[in-house]
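Report on the structure given below.
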Amino acid sequence: MTEKPLTHKQALAAVIQALGGTWDTERAVLALRVAGYRPTNDEAAGKEARHNLRELANDGLIVRPDPGQAVYRLA
């Protein structure tokens with residue numbers, strides 16, 4: 001039986017939980033690429049990373065300590 005691959009959001013959540021620290025778009029892009037995401041270009045990679053960071057924040061996994069910066073940490 002084969003396992004269903006993780007979504008980008010699930011993969012990013014797992015990496016954030018494992019590594020902790022602060023997360024910005026650049027770090028999230030790198031984590032997604034390591035997880036197998038192959039964007040068509042850098043703009044698409046950043047868009048996907050920001051989308052997943054916002055969703056994880058909405059889910060309560062991460063928080064944005066400074067609303068003026070797009071940097072997150074574990075809740």
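The way I read the labels, and the way they are meant: chains A, B, ... in the order of the structure tokens, residue 1 as the first residue of every chain, and ligand 1 as the first ligand shown, with later ones counted on from there.
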
key: Contact residues around region 15-27 of chain A with only C-alpha atoms at 12 Å, ignoring same-chain residues under 5 positions, as number ranges by chain   = A: 6, 8-10, 32-35, 42-54, 56-57, 61-66, 69-75

key: strand (DSSP E) per DSSP on the backbone: members of region 10-66 of chain A, as a VMD selection string   = chain A and resid 22 to 23 62 to 63

message = Quick check for you: according to DSSP on this backbone, which residues of region 15-54 of chain A are classed as helix (DSSP H, G or I)? Reply as an MDAnalysis selection string.
response = chainID A and resid 15:19 25:34 42:54

Would you mind exporting C-alpha atoms of the selected residues as an mmCIF file, in the first residue's frame?
data_model
loop_
_atom_site.group_PDB
_atom_site.id
_atom_site.type_symbol
_atom_site.label_atom_id
_atom_site.label_comp_id
_atom_site.auth_asym_id
_atom_site.auth_seq_id
_atom_site.Cartn_x
_atom_site.Cartn_y
_atom_site.Cartn_z
ATOM 1 C CA VAL A 15 9.357 21.176 8.659
ATOM 2 C CA ILE A 16 8.361 24.210 10.742
ATOM 3 C CA GLN A 17 7.450 21.959 13.684
ATOM 4 C CA ALA A 18 10.705 20.022 13.379
ATOM 5 C CA LEU A 19 13.029 23.008 13.012
ATOM 6 C CA THR A 25 9.089 33.577 2.496
ATOM 7 C CA GLU A 26 12.673 32.684 1.586
ATOM 8 C CA ARG A 27 12.988 29.982 4.240
ATOM 9 C CA ALA A 28 9.557 28.567 3.370
ATOM 10 C CA VAL A 29 10.498 28.417 -0.338
ATOM 11 C CA LEU A 30 13.625 26.447 0.526
ATOM 12 C CA ALA A 31 11.648 24.033 2.732
ATOM 13 C CA LEU A 32 9.067 23.472 -0.017
ATOM 14 C CA ARG A 33 11.792 22.802 -2.592
ATOM 15 C CA VAL A 34 13.418 20.255 -0.276
ATOM 16 C CA ASP A 42 10.855 32.235 -8.349
ATOM 17 C CA GLU A 43 7.677 34.306 -8.347
ATOM 18 C CA ALA A 44 5.504 31.178 -8.256
ATOM 19 C CA ALA A 45 7.674 29.733 -5.474
ATOM 20 C CA GLY A 46 7.255 32.853 -3.338
ATOM 21 C CA LYS A 47 3.522 32.991 -3.948
ATOM 22 C CA GLU A 48 3.072 29.343 -2.910
ATOM 23 C CA ALA A 49 5.220 29.835 0.193
ATOM 24 C CA ARG A 50 3.345 32.957 1.320
ATOM 25 C CA HIS A 51 -0.003 31.250 0.705
ATOM 26 C CA ASN A 52 0.987 28.282 2.857
ATOM 27 C CA LEU A 53 2.428 30.472 5.625
ATOM 28 C CA ARG A 54 -0.849 32.437 5.776
#
